[in-house]
>>> print(open('upload-v2.cif').read())   # mmCIF, C-alpha atoms
data_my_file
#
loop_
_atom_site.label_atom_id
_atom_site.label_comp_id
_atom_site.auth_asym_id
_atom_site.auth_seq_id
_atom_site.Cartn_x
_atom_site.Cartn_y
_atom_site.Cartn_z
CA MET A 1 19.90 0.29 27.53
CA LEU A 2 20.74 -3.39 27.72
CA ILE A 3 20.50 -5.46 24.51
CA THR A 4 19.77 -9.10 25.29
CA ASN A 5 18.91 -12.33 23.50
CA ALA A 6 21.34 -11.56 20.69
CA LYS A 7 24.05 -13.20 18.65
CA LEU A 8 26.81 -10.60 18.46
CA ILE A 9 29.07 -9.94 15.47
CA THR A 10 31.71 -7.66 16.95
CA TRP A 11 33.85 -6.88 13.86
CA GLU A 12 36.92 -6.72 16.03
CA LYS A 13 40.21 -7.88 14.55
CA PRO A 14 40.00 -10.82 14.81
CA ASN A 15 36.23 -10.78 14.57
CA GLN A 16 34.10 -12.63 17.11
CA VAL A 17 30.63 -14.14 16.82
CA LEU A 18 29.28 -14.40 20.37
CA ASP A 19 26.22 -16.10 21.81
CA GLY A 20 24.87 -15.63 25.33
CA GLN A 21 26.40 -12.16 25.61
CA ALA A 22 24.58 -8.88 26.17
CA VAL A 23 25.53 -5.29 25.26
CA LYS A 24 25.21 -2.47 27.77
CA ILE A 25 24.82 1.05 26.35
CA SER A 26 25.26 4.27 28.26
CA SER A 27 25.40 7.87 26.98
CA GLY A 28 25.56 6.74 23.37
CA ARG A 29 28.53 4.44 23.91
CA ILE A 30 28.92 0.72 24.50
CA GLU A 31 29.68 0.49 28.19
CA GLY A 32 30.27 -3.24 28.27
CA VAL A 33 29.85 -6.62 26.63
CA GLY A 34 29.44 -9.60 28.89
CA SER A 35 27.44 -12.50 30.18
CA GLU A 36 23.76 -11.82 29.63
CA GLU A 37 22.86 -13.37 32.98
CA ASN A 38 25.37 -11.22 34.86
CA LEU A 39 24.43 -7.98 33.12
CA ILE A 40 20.70 -8.54 33.68
CA GLN A 41 21.33 -9.19 37.37
CA ALA A 42 23.34 -5.98 37.56
CA THR A 43 20.75 -3.79 35.84
CA ASN A 44 19.91 -0.52 37.50
CA GLY A 45 16.73 0.54 35.73
CA GLU A 46 18.12 0.28 32.21
CA GLU A 47 15.70 -0.38 29.38
CA ILE A 48 16.04 -3.97 28.16
CA LEU A 49 15.85 -4.35 24.39
CA ASP A 50 15.26 -7.99 23.46
CA ALA A 51 16.88 -8.77 20.11
CA GLY A 52 14.75 -11.87 19.69
CA GLY A 53 17.70 -14.09 18.82
CA GLN A 54 18.76 -11.89 15.90
CA TYR A 55 22.32 -11.02 14.93
CA VAL A 56 23.42 -7.69 16.41
CA MET A 57 26.32 -5.99 14.67
CA PRO A 58 27.76 -2.53 14.00
CA GLY A 59 25.80 -0.43 11.52
CA ASN A 60 27.09 -0.22 7.96
CA ILE A 61 29.04 2.79 6.70
CA CYS A 62 28.84 4.38 3.23
CA ALA A 63 32.10 6.04 2.18
CA HIS A 64 30.77 8.06 -0.78
CA THR A 65 27.24 9.04 -1.76
CA HIS A 66 25.17 11.84 -3.31
CA PHE A 67 21.90 12.61 -1.54
CA TYR A 68 21.09 15.22 -4.18
CA GLY A 69 20.65 12.57 -6.88
CA ALA A 70 17.43 11.25 -5.38
CA PHE A 71 15.21 12.89 -8.02
CA ALA A 72 17.04 11.05 -10.83
CA ARG A 73 15.07 7.90 -10.04
CA GLY A 74 12.52 7.32 -12.81
CA MET A 75 13.46 10.52 -14.65
CA ALA A 76 13.63 10.39 -18.46
CA ILE A 77 16.67 11.81 -20.25
CA PRO A 78 15.46 13.45 -23.48
CA GLY A 79 16.96 12.51 -26.84
CA THR A 80 19.35 9.67 -27.50
CA ALA A 81 20.91 7.83 -24.58
CA PRO A 82 24.28 9.21 -23.41
CA LYS A 83 27.09 7.32 -25.13
CA ASP A 84 29.74 7.76 -22.42
CA PHE A 85 30.32 9.21 -18.96
CA PRO A 86 31.03 12.81 -20.08
CA GLU A 87 27.65 12.78 -21.85
CA ILE A 88 26.00 11.35 -18.72
CA LEU A 89 27.35 14.32 -16.77
CA ARG A 90 26.14 16.83 -19.37
CA LYS A 91 22.75 15.25 -20.03
CA LEU A 92 21.83 14.00 -16.54
CA TRP A 93 23.74 15.16 -13.50
CA TRP A 94 24.68 18.74 -14.32
CA PRO A 95 21.18 19.77 -15.46
CA LEU A 96 19.63 17.93 -12.51
CA ASP A 97 21.76 19.63 -9.86
CA LYS A 98 20.87 23.01 -11.41
CA ALA A 99 17.18 22.16 -11.07
CA LEU A 100 17.35 21.83 -7.28
CA GLY A 101 16.07 24.52 -4.94
CA GLU A 102 16.41 24.53 -1.17
CA ALA A 103 13.21 22.51 -0.67
CA ASP A 104 14.45 19.93 -3.17
CA VAL A 105 17.79 19.67 -1.39
CA ARG A 106 15.92 18.94 1.84
CA ALA A 107 13.60 16.40 0.19
CA SER A 108 16.52 14.63 -1.51
CA ALA A 109 18.35 14.31 1.79
CA GLU A 110 15.27 13.09 3.65
CA VAL A 111 14.41 10.27 1.25
CA MET A 112 18.03 9.11 1.23
CA LEU A 113 18.16 9.16 5.03
CA VAL A 114 14.98 7.08 5.25
CA ASP A 115 16.61 4.66 2.82
CA ALA A 116 19.74 4.45 4.97
CA ILE A 117 17.87 3.79 8.23
CA LYS A 118 15.77 1.05 6.64
CA HIS A 119 18.85 -0.64 5.20
CA GLY A 120 21.07 -0.47 8.28
CA THR A 121 23.53 2.20 7.09
CA THR A 122 24.27 4.40 10.08
CA THR A 123 27.11 6.64 8.78
CA LEU A 124 27.22 8.31 5.36
CA ILE A 125 29.81 10.51 3.64
CA ASP A 126 27.91 12.79 1.25
CA HIS A 127 29.06 14.96 -1.66
CA HIS A 128 26.53 17.70 -2.50
CA ALA A 129 25.81 19.96 -5.50
CA SER A 130 22.99 22.48 -6.08
CA PRO A 131 24.49 25.40 -8.05
CA ASN A 132 21.26 27.44 -7.92
CA ALA A 133 20.88 26.89 -4.16
CA ILE A 134 24.40 26.95 -2.74
CA ASP A 135 24.29 29.22 0.30
CA GLY A 136 23.15 27.34 3.38
CA SER A 137 22.59 24.09 1.48
CA LEU A 138 24.82 22.13 3.85
CA ASP A 139 22.83 23.43 6.83
CA VAL A 140 19.65 22.15 5.18
CA ILE A 141 21.18 18.68 4.81
CA ALA A 142 22.71 18.77 8.29
CA ASP A 143 19.36 19.60 9.85
CA ALA A 144 17.78 16.62 8.08
CA VAL A 145 20.59 14.37 9.30
CA TYR A 146 20.19 15.54 12.88
CA ARG A 147 16.44 14.93 12.77
CA SER A 148 16.97 11.46 11.31
CA GLY A 149 19.36 10.43 14.07
CA LEU A 150 21.98 9.22 11.60
CA ARG A 151 25.65 10.19 11.35
CA ALA A 152 27.03 11.99 8.26
CA VAL A 153 29.99 13.86 6.78
CA LEU A 154 28.96 16.70 4.44
CA CYS A 155 30.60 18.94 1.83
CA TYR A 156 29.72 21.11 -1.16
CA GLU A 157 31.38 20.31 -4.51
CA VAL A 158 33.28 23.31 -5.85
CA THR A 159 33.38 23.48 -9.66
CA ASP A 160 34.14 26.02 -12.40
CA ARG A 161 31.48 24.66 -14.75
CA ASP A 162 28.88 27.23 -13.63
CA GLY A 163 31.21 30.24 -13.64
CA GLU A 164 33.56 31.98 -11.22
CA GLU A 165 30.85 33.50 -9.04
CA LYS A 166 29.34 30.11 -8.21
CA ALA A 167 32.77 28.54 -7.74
CA GLN A 168 33.48 31.20 -5.12
CA ALA A 169 30.06 30.59 -3.54
CA GLY A 170 30.89 26.89 -3.28
CA ILE A 171 34.17 27.72 -1.57
CA ARG A 172 32.39 30.01 0.89
CA GLU A 173 29.76 27.34 1.65
CA ASN A 174 32.44 24.78 2.54
CA VAL A 175 34.36 27.27 4.69
CA ARG A 176 31.20 28.51 6.43
CA PHE A 177 29.96 25.01 7.17
CA LEU A 178 33.36 23.83 8.40
CA GLY A 179 33.42 26.82 10.74
CA ARG A 180 29.96 25.99 12.10
CA ASN A 181 30.93 22.38 12.34
CA LEU A 182 34.13 23.10 14.25
CA THR A 183 32.02 24.52 17.07
CA GLU A 184 29.52 21.66 17.03
CA ARG A 185 32.17 18.94 16.82
CA SER A 186 33.90 20.29 19.94
CA SER A 187 30.97 18.92 21.94
CA GLY A 188 30.42 15.80 19.85
CA GLY A 189 27.57 15.70 17.40
CA ARG A 190 26.65 13.40 14.56
CA VAL A 191 27.50 15.68 11.63
CA ALA A 192 31.01 16.45 10.42
CA GLY A 193 32.36 18.35 7.42
CA THR A 194 35.04 18.21 4.78
CA PHE A 195 35.88 20.38 1.73
CA GLY A 196 34.15 19.29 -1.47
CA LEU A 197 35.62 19.49 -4.98
CA HIS A 198 33.88 18.13 -8.08
CA ALA A 199 36.72 16.75 -10.22
CA SER A 200 39.93 17.91 -11.82
CA LEU A 201 38.18 18.17 -15.19
CA THR A 202 35.95 21.04 -13.99
CA LEU A 203 38.52 22.84 -11.84
CA SER A 204 41.13 25.37 -12.98
CA ASP A 205 44.51 25.74 -11.32
CA GLU A 206 43.32 29.05 -9.90
CA THR A 207 40.25 27.48 -8.28
CA LEU A 208 42.22 24.54 -6.90
CA GLU A 209 44.67 26.99 -5.36
CA ALA A 210 41.81 29.09 -3.96
CA CYS A 211 40.31 25.99 -2.35
CA ARG A 212 43.64 24.99 -0.85
CA GLN A 213 44.11 28.48 0.59
CA ALA A 214 40.53 28.65 1.91
CA ALA A 215 40.44 25.21 3.55
CA PRO A 216 40.99 25.40 7.32
CA GLU A 217 44.21 23.92 8.64
CA GLY A 218 44.02 20.15 9.03
CA GLU A 219 40.96 19.66 6.83
CA GLY A 220 40.93 17.33 3.84
CA PHE A 221 39.01 17.25 0.58
CA HIS A 222 36.42 14.98 -1.07
CA ILE A 223 36.86 14.78 -4.86
CA HIS A 224 36.12 12.51 -7.84
CA VAL A 225 39.30 11.28 -9.53
CA ALA A 226 39.77 9.50 -12.87
CA GLU A 227 36.24 8.09 -12.93
CA HIS A 228 36.58 8.22 -16.73
CA GLU A 229 39.60 8.65 -19.01
CA ALA A 230 38.38 12.16 -19.84
CA ASP A 231 39.52 13.34 -16.40
CA GLU A 232 43.09 12.24 -17.11
CA TYR A 233 43.20 13.71 -20.62
CA ASP A 234 41.76 17.00 -19.39
CA SER A 235 44.40 17.20 -16.66
CA LEU A 236 47.21 16.44 -19.11
CA ASN A 237 45.93 19.15 -21.45
CA LYS A 238 45.65 21.70 -18.64
CA SER A 239 48.82 21.00 -16.74
CA GLU A 240 50.86 18.27 -18.46
CA LEU A 241 50.22 16.30 -15.27
CA ARG A 242 47.96 13.35 -14.59
CA VAL A 243 45.10 14.01 -12.17
CA VAL A 244 46.67 12.75 -8.94
CA ASP A 245 49.97 14.49 -9.74
CA ARG A 246 48.03 17.70 -10.33
CA LEU A 247 46.18 17.39 -7.03
CA MET A 248 49.50 16.67 -5.30
CA LYS A 249 50.96 19.87 -6.77
CA HIS A 250 48.06 21.86 -5.31
CA GLY A 251 48.23 20.26 -1.85
CA ILE A 252 44.89 18.47 -2.12
CA LEU A 253 46.03 14.98 -1.09
CA GLY A 254 46.39 13.83 2.53
CA SER A 255 45.17 11.60 5.32
CA LYS A 256 41.74 13.28 5.48
CA THR A 257 41.22 13.51 1.72
CA ILE A 258 38.84 11.13 -0.05
CA VAL A 259 39.37 10.26 -3.72
CA ALA A 260 36.26 8.66 -5.24
CA HIS A 261 36.62 6.03 -7.97
CA ALA A 262 40.30 6.16 -9.15
CA VAL A 263 39.33 3.87 -12.03
CA HIS A 264 41.94 5.15 -14.52
CA ILE A 265 44.92 6.14 -12.37
CA ASP A 266 48.37 4.74 -13.18
CA ILE A 267 51.05 3.18 -10.98
CA LYS A 268 52.74 6.46 -10.11
CA GLU A 269 49.43 8.01 -9.11
CA ALA A 270 48.75 5.03 -6.85
CA GLU A 271 52.15 5.54 -5.23
CA LEU A 272 51.32 9.19 -4.56
CA LEU A 273 47.99 8.23 -2.97
CA ALA A 274 49.74 5.65 -0.78
CA ASP A 275 52.58 8.00 0.22
CA THR A 276 50.13 10.76 1.23
CA GLU A 277 47.77 8.32 3.02
CA THR A 278 44.92 9.55 0.83
CA TRP A 279 41.73 7.46 0.87
CA VAL A 280 40.13 5.87 -2.20
CA THR A 281 36.49 4.79 -2.40
CA HIS A 282 35.12 2.11 -4.73
CA GLN A 283 31.59 2.37 -6.17
CA PRO A 284 31.12 -0.78 -8.31
CA ARG A 285 27.39 -0.42 -9.07
CA SER A 286 27.89 3.14 -10.29
CA ASN A 287 30.96 2.24 -12.34
CA MET A 288 29.00 -0.55 -14.03
CA ASN A 289 26.00 1.71 -14.66
CA ASN A 290 28.16 4.43 -16.21
CA GLY A 291 30.29 1.97 -18.19
CA VAL A 292 33.53 3.57 -17.01
CA GLY A 293 35.52 0.43 -16.25
CA VAL A 294 36.69 -1.19 -13.03
CA ALA A 295 39.17 0.26 -10.54
CA PRO A 296 42.19 -1.98 -9.79
CA ILE A 297 41.16 -2.37 -6.17
CA GLU A 298 43.33 -5.35 -5.29
CA ASP A 299 46.36 -3.55 -6.73
CA LEU A 300 45.55 -0.42 -4.74
CA LEU A 301 45.24 -2.43 -1.53
CA ARG A 302 48.57 -4.11 -2.25
CA ALA A 303 50.11 -0.67 -2.81
CA GLY A 304 49.13 0.24 0.76
CA ILE A 305 46.15 2.45 -0.09
CA LYS A 306 43.18 2.29 2.25
CA VAL A 307 40.18 1.67 0.03
CA GLY A 308 36.60 2.07 1.26
CA ILE A 309 33.33 1.39 -0.50
CA GLY A 310 30.39 3.66 -1.25
CA THR A 311 27.19 3.78 -3.26
CA ASP A 312 27.59 6.98 -5.33
CA GLY A 313 23.92 7.75 -4.71
CA PHE A 314 22.52 4.28 -5.31
CA SER A 315 20.29 2.88 -2.56
CA HIS A 316 22.26 2.62 0.69
CA THR A 317 22.33 -1.16 0.61
CA MET A 318 25.95 -1.68 1.51
CA TRP A 319 25.92 -5.49 1.41
CA GLU A 320 24.54 -5.21 -2.13
CA GLU A 321 27.56 -3.05 -2.95
CA TRP A 322 29.85 -5.70 -1.43
CA LYS A 323 28.19 -8.40 -3.53
CA THR A 324 28.55 -6.34 -6.69
CA ALA A 325 32.25 -5.79 -6.06
CA TYR A 326 32.71 -9.49 -5.26
CA LEU A 327 31.19 -10.50 -8.61
CA LEU A 328 32.40 -7.61 -10.78
CA HIS A 329 36.11 -8.17 -10.26
CA LYS A 330 35.74 -11.86 -11.04
CA VAL A 331 34.03 -11.27 -14.37
CA TRP A 332 36.28 -8.30 -15.22
CA HIS A 333 39.40 -10.44 -14.78
CA ARG A 334 37.72 -13.68 -15.89
CA ASP A 335 39.13 -15.24 -12.73
CA PRO A 336 36.92 -16.51 -9.87
CA ARG A 337 39.81 -16.11 -7.43
CA ARG A 338 39.76 -12.32 -7.66
CA PHE A 339 38.34 -10.05 -4.94
CA SER A 340 37.52 -12.40 -2.09
CA GLY A 341 35.00 -12.07 0.69
CA ILE A 342 37.89 -10.98 2.90
CA ASP A 343 38.52 -8.05 0.53
CA ALA A 344 34.84 -7.09 0.78
CA VAL A 345 35.09 -7.00 4.58
CA GLU A 346 38.35 -5.04 4.44
CA LEU A 347 36.67 -2.32 2.38
CA GLY A 348 33.17 -2.42 3.83
CA VAL A 349 33.96 -2.89 7.51
CA TYR A 350 37.50 -2.05 8.55
CA ASN A 351 38.48 0.64 6.06
CA ASN A 352 35.09 2.35 6.02
CA ALA A 353 35.14 2.49 9.82
CA ALA A 354 38.70 3.82 9.92
CA LEU A 355 37.75 6.53 7.40
CA ALA A 356 34.63 7.53 9.32
CA ASN A 357 36.68 7.67 12.51
CA LYS A 358 38.81 10.40 10.90
CA PHE A 359 35.73 12.63 11.19
CA PHE A 360 34.30 11.21 14.45
CA PRO A 361 37.40 10.51 16.55
CA GLU A 362 35.71 10.65 19.95
CA ALA A 363 35.02 6.90 20.01
CA THR A 364 35.54 3.79 17.91
CA LEU A 365 33.16 3.21 15.02
CA GLY A 366 32.30 -0.13 13.46
CA GLN A 367 33.00 -2.46 16.39
CA ILE A 368 31.10 -3.84 19.36
CA ILE A 369 33.67 -3.20 22.07
CA PRO A 370 33.59 -1.17 25.31
CA GLY A 371 33.87 2.55 24.59
CA ALA A 372 32.72 2.34 20.97
CA PHE A 373 29.84 4.36 19.57
CA ALA A 374 26.58 2.43 20.02
CA ASP A 375 25.78 2.42 16.28
CA LEU A 376 24.13 -0.99 15.85
CA ILE A 377 21.72 -2.95 13.68
CA PHE A 378 19.67 -6.10 14.24
CA VAL A 379 19.64 -8.61 11.39
CA ASP A 380 16.95 -11.28 11.15
CA TYR A 381 19.13 -13.89 9.41
CA HIS A 382 18.59 -17.60 9.84
CA PRO A 383 21.58 -19.44 8.37
CA HIS A 384 20.98 -22.98 7.18
CA THR A 385 24.67 -23.81 7.64
CA PRO A 386 26.85 -22.98 10.67
CA LEU A 387 27.82 -19.30 10.74
CA THR A 388 31.36 -18.80 12.02
CA GLU A 389 33.97 -16.06 12.18
CA GLY A 390 35.73 -17.76 9.27
CA ASN A 391 32.80 -18.00 6.88
CA LEU A 392 30.94 -14.83 7.87
CA PRO A 393 32.10 -12.81 4.80
CA TRP A 394 30.53 -15.40 2.48
CA GLN A 395 27.43 -15.76 4.64
CA ILE A 396 26.93 -12.02 4.14
CA ILE A 397 27.64 -12.05 0.40
CA PHE A 398 25.45 -15.05 -0.37
CA GLY A 399 22.91 -14.89 2.46
CA PHE A 400 22.43 -11.46 4.01
CA ASN A 401 19.96 -8.99 2.55
CA GLU A 402 19.19 -5.47 3.70
CA SER A 403 15.51 -6.36 4.04
CA MET A 404 16.62 -8.48 7.01
CA VAL A 405 17.55 -5.35 8.99
CA THR A 406 14.82 -4.88 11.60
CA THR A 407 16.33 -2.37 14.05
CA THR A 408 18.75 0.53 13.57
CA ILE A 409 20.44 2.33 16.47
CA VAL A 410 22.83 5.33 16.42
CA GLU A 411 24.55 6.55 19.58
CA GLY A 412 22.10 4.48 21.59
CA GLU A 413 19.01 6.08 20.02
CA VAL A 414 16.67 3.62 18.33
CA LEU A 415 15.85 5.00 14.86
CA MET A 416 13.96 1.94 13.67
CA ARG A 417 12.53 -0.86 15.79
CA ASN A 418 11.00 -4.00 14.31
CA ARG A 419 11.03 -2.26 10.89
CA GLU A 420 9.04 0.72 12.23
CA LEU A 421 10.77 4.06 11.62
CA LEU A 422 10.76 6.15 14.79
CA THR A 423 12.52 9.39 13.79
CA MET A 424 11.25 9.90 10.23
CA ASP A 425 7.80 9.57 8.67
CA GLU A 426 8.47 7.68 5.44
CA GLU A 427 4.98 8.14 4.04
CA GLU A 428 5.01 11.90 4.58
CA ILE A 429 8.59 12.29 3.28
CA THR A 430 8.09 10.26 0.12
CA SER A 431 4.71 11.89 -0.55
CA ARG A 432 6.30 15.35 -0.36
CA ALA A 433 9.12 14.26 -2.67
CA ARG A 434 6.61 12.90 -5.22
CA GLU A 435 4.82 16.24 -5.20
CA GLN A 436 8.07 18.13 -5.80
CA ALA A 437 9.55 15.80 -8.42
CA PRO A 438 7.50 16.99 -11.46
CA ALA A 439 8.66 20.59 -10.95
CA VAL A 440 12.28 19.43 -10.57
CA TRP A 441 11.98 17.41 -13.76
CA GLU A 442 10.45 20.38 -15.59
CA ARG A 443 13.33 22.64 -14.53
CA TYR A 444 15.80 19.91 -15.48
CA ASN A 445 14.43 19.94 -19.02
CA THR A 446 15.19 23.66 -19.31
CA PHE A 447 18.86 23.02 -18.44
CA VAL A 448 19.57 19.79 -20.32
CA GLN A 449 21.69 20.18 -23.47
#
>>> encode(input="upload-v2.cif", output="structure tokens")
Amino acid sequence: MLITNAKLITWEKPNQVLDGQAVKISSGRIEGVGSEENLIQATNGEEILDAGGQYVMPGNICAHTHFYGAFARGMAIPGTAPKDFPEILRKLWWPLDKALGEADVRASAEVMLVDAIKHGTTTLIDHHASPNAIDGSLDVIADAVYRSGLRAVLCYEVTDRDGEEKAQAGIRENVRFLGRNLTERSSGGRVAGTFGLHASLTLSDETLEACRQAAPEGEGFHIHVAEHEADEYDSLNKSELRVVDRLMKHGILGSKTIVAHAVHIDIKEAELLADTETWVTHQPRSNMNNGVGVAPIEDLLRAGIKVGIGTDGFSHTMWEEWKTAYLLHKVWHRDPRRFSGIDAVELGVYNNAALANKFFPEATLGQIIPGAFADLIFVDYHPHTPLTEGNLPWQIIFGFNESMVTTTIVEGEVLMRNRELLTMDEEEITSRAREQAPAVWERYNTFVQ
């Protein structure tokens, strides 16, 4: 394929905005970037995809999400509204995940994947829970991902909250899927795995140790950390250690481990995350919705921690997440100088890509350069001021909108062209989900406390 008539945003360091250049794609990779005239003259039967003067850039990456939460949209929580995050877990998320069967797991994944394609998010790192449908659940999600054409990292969250038998089943599901995935990843593939843990507050020392022993050599973990103060107090009560110290003791931290949130960690915990090269992900919309506070992201970056950004199951509109972070830190600190557009790009582009590359090391992600994965989006943006490398972060924050994404490509396969989905039938998928939702909600009501 040859992409022509485009304005390229390469997201190299330093970034380039290029006009008059074309992108040549071969075998799912970017073979070359060069003069449009020269590449057209040198074509050898390649399909020419005319971008119509749109911006062409690498697809967005989501560093932390929950496909399984799809059926929460529009669902009523009985009784009084939850007063804090622990109540939200008990009254919303834990009963909902129990209500999911295999068909619901599939439907949840499908609607979220449609959402991602439409909004230009090409790689997603998911964290799954379905305690009454554990065995094979990651295969169900993986199959949906493969059919969608997207790229994803999957895991199952191990927890003690549903008893020892289900904790062991969660461990087995992670180990089984990582074993399957090891074979598939040896020949490439768009699905990778990691080892999921819920959070310190629902994990005993014995289960943490069992997970550490079961995890294959070289694999990391994906876990929620200090999203609310309750996580820290629980850890202190259990072990006389704060959460990150406790995870360090059990060998959970490391360069392939993802810590979601880290809202209430202290300085020493930040040092441990930096020393172990553990990743942190920031989910500002979720943190605002749950009223849990704001993670000290600028401090974590200064401490040398690589911080990415995710949605936590919100719509996969990554620029919307950037914008929320950009505004949230300003109002939180009452200082308009806090969290700049450059910080948003550091999290949303460079760190998210570097994290995703830990799981897909065969080629570069998140850049338009020769040899990189051809994961691209077309953006129908018409700036009314000059768009430059220097002001691009603020053009995105104040001008870009996910509805402007018209074409989504992963490994050279076009998943959406001119806003028409090519790999997934949105009407059929959403119709099926609507039919299933009432039964899910009915089961939810039998589990809610």
>>> atom_distance(input="upload-v2.cif", atom1="atom CA of Met57 of chain A", atom2="atom CA of Leu376 of chain A")
5.6 Å
>>> atom_distance(input="upload-v2.cif", atom1="atom CA of Ala72 of chain A", atom2="atom CA of Leu96 of chain A")
7.5 Å
>>> resolve_selection(input="upload-v2.cif", expression="the PyMOL selection byres ((chain A and resi 50) around 12)", output="PyMOL selection string")
chain A and resi 1-7+22-23+36+40+47-49+51-56+378+407+417-418
>>> resolve_selection(input="upload-v2.cif", expression="the PyMOL selection byres ((chain A and resi 365-374) around 9)", output="PyMOL selection string")
chain A and resi 8-12+23-33+57-61+349-350+352-354+356-357+360-364+375-376+409-413
>>> closest_residue(input="upload-v2.cif", among="A:Leu392, A:Val175, A:Val331, A:Val114", to="Ser148 of chain A", atoms="only C-alpha atoms")
A:Val114
>>> closest_residue(input="upload-v2.cif", among="A:Gly179, A:Gly390, A:Gly79, A:Gly101", to="Ala439 of chain A", atoms="all atoms listed in the file")
A:Gly101
>>> resolve_selection(input="upload-v2.cif", expression="the PyMOL selection byres ((chain A and resi 113) around 9)", output="list in words")
Phe67, Ser108, Ala109, Glu110, Val111, Met112, Val114, Asp115, Ala116, Ile117, Lys118, Ala144, Val145, Ser148, Leu150, His316 and Met424 of chain A
>>> write_last_selection(input="upload-v2.cif", atoms="C-alpha atoms", output="short mmCIF file (atom, residue, chain, number, x, y, z; two decimals), keeping the file's coordinate frame")
data_model
loop_
_atom_site.label_atom_id
_atom_site.label_comp_id
_atom_site.auth_asym_id
_atom_site.auth_seq_id
_atom_site.Cartn_x
_atom_site.Cartn_y
_atom_site.Cartn_z
CA PHE A 67 21.90 12.61 -1.54
CA SER A 108 16.52 14.63 -1.51
CA ALA A 109 18.35 14.31 1.79
CA GLU A 110 15.27 13.09 3.65
CA VAL A 111 14.41 10.27 1.25
CA MET A 112 18.03 9.11 1.23
CA VAL A 114 14.98 7.08 5.25
CA ASP A 115 16.61 4.66 2.82
CA ALA A 116 19.74 4.45 4.97
CA ILE A 117 17.87 3.79 8.23
CA LYS A 118 15.77 1.05 6.64
CA ALA A 144 17.78 16.62 8.08
CA VAL A 145 20.59 14.37 9.30
CA SER A 148 16.97 11.46 11.31
CA LEU A 150 21.98 9.22 11.60
CA HIS A 316 22.26 2.62 0.69
CA MET A 424 11.25 9.90 10.23
#
>>> atom_distance(input="upload-v2.cif", atom1="atom CA of Leu247 of chain A", atom2="atom CA of Asp231 of chain A")
12.2 Å
>>> closest_atom_pairs(input="upload-v2.cif", of="segment 68-148 of chain A", to="segment 281-292 of chain A", cutoff="8 Å", atoms="all atoms listed in the file", output="Markdown table")
| residue | atom | partner | partner_atom | distance |
| --- | --- | --- | --- | --- |
| A:Asp84 | CA | A:Gly291 | CA | 7.2 |
| A:Phe85 | CA | A:Asn290 | CA | 5.9 |
| A:Ile88 | CA | A:Asn290 | CA | 7.7 |
>>> residues_near_point(input="upload-v2.cif", point="(20.2, -17.1, 8.4)", cutoff="12 Å", atoms="all atoms listed in the file", output="count of residues only")
22
>>> residues_around(input="upload-v2.cif", residues="Thr446 of chain A", least_positions_apart="6", cutoff="12 Å", atoms="all atoms listed in the file", output="JSON, numbers by chain")
{"A": [77, 78, 91, 94, 95, 96, 98, 99, 439, 440]}
>>> residues_around(input="upload-v2.cif", residues="segment 200-212 of chain A", least_positions_apart="4", cutoff="9 Å", atoms="all atoms listed in the file", output="PDB file with C-alpha atoms, in the coordinates of the input")
ATOM      1  CA  VAL A 158      33.280  23.310  -5.850  1.00  0.00           C
ATOM      2  CA  THR A 159      33.380  23.480  -9.660  1.00  0.00           C
ATOM      3  CA  ASP A 160      34.140  26.020 -12.400  1.00  0.00           C
ATOM      4  CA  ARG A 161      31.480  24.660 -14.750  1.00  0.00           C
ATOM      5  CA  GLU A 164      33.560  31.980 -11.220  1.00  0.00           C
ATOM      6  CA  ALA A 167      32.770  28.540  -7.740  1.00  0.00           C
ATOM      7  CA  GLN A 168      33.480  31.200  -5.120  1.00  0.00           C
ATOM      8  CA  ILE A 171      34.170  27.720  -1.570  1.00  0.00           C
ATOM      9  CA  PHE A 195      35.880  20.380   1.730  1.00  0.00           C
ATOM     10  CA  PRO A 216      40.990  25.400   7.320  1.00  0.00           C
ATOM     11  CA  ILE A 223      36.860  14.780  -4.860  1.00  0.00           C
ATOM     12  CA  HIS A 224      36.120  12.510  -7.840  1.00  0.00           C
ATOM     13  CA  VAL A 225      39.300  11.280  -9.530  1.00  0.00           C
ATOM     14  CA  ALA A 226      39.770   9.500 -12.870  1.00  0.00           C
ATOM     15  CA  ALA A 230      38.380  12.160 -19.840  1.00  0.00           C
ATOM     16  CA  ASP A 231      39.520  13.340 -16.400  1.00  0.00           C
ATOM     17  CA  GLU A 232      43.090  12.240 -17.110  1.00  0.00           C
ATOM     18  CA  TYR A 233      43.200  13.710 -20.620  1.00  0.00           C
ATOM     19  CA  ASP A 234      41.760  17.000 -19.390  1.00  0.00           C
ATOM     20  CA  SER A 235      44.400  17.200 -16.660  1.00  0.00           C
ATOM     21  CA  LYS A 238      45.650  21.700 -18.640  1.00  0.00           C
ATOM     22  CA  SER A 239      48.820  21.000 -16.740  1.00  0.00           C
ATOM     23  CA  VAL A 243      45.100  14.010 -12.170  1.00  0.00           C
ATOM     24  CA  VAL A 244      46.670  12.750  -8.940  1.00  0.00           C
ATOM     25  CA  ARG A 246      48.030  17.700 -10.330  1.00  0.00           C
ATOM     26  CA  LEU A 247      46.180  17.390  -7.030  1.00  0.00           C
ATOM     27  CA  HIS A 250      48.060  21.860  -5.310  1.00  0.00           C
ATOM     28  CA  GLY A 251      48.230  20.260  -1.850  1.00  0.00           C
ATOM     29  CA  ILE A 252      44.890  18.470  -2.120  1.00  0.00           C
TER      30      ILE A 252
END
>>> residues_around(input="upload-v2.cif", residues="Asp343 of chain A", least_positions_apart="2", cutoff="10 Å", atoms="only C-alpha atoms", output="ChimeraX atom specification")
/A:297-298,301,307,322,325-326,338-341,345-349,393
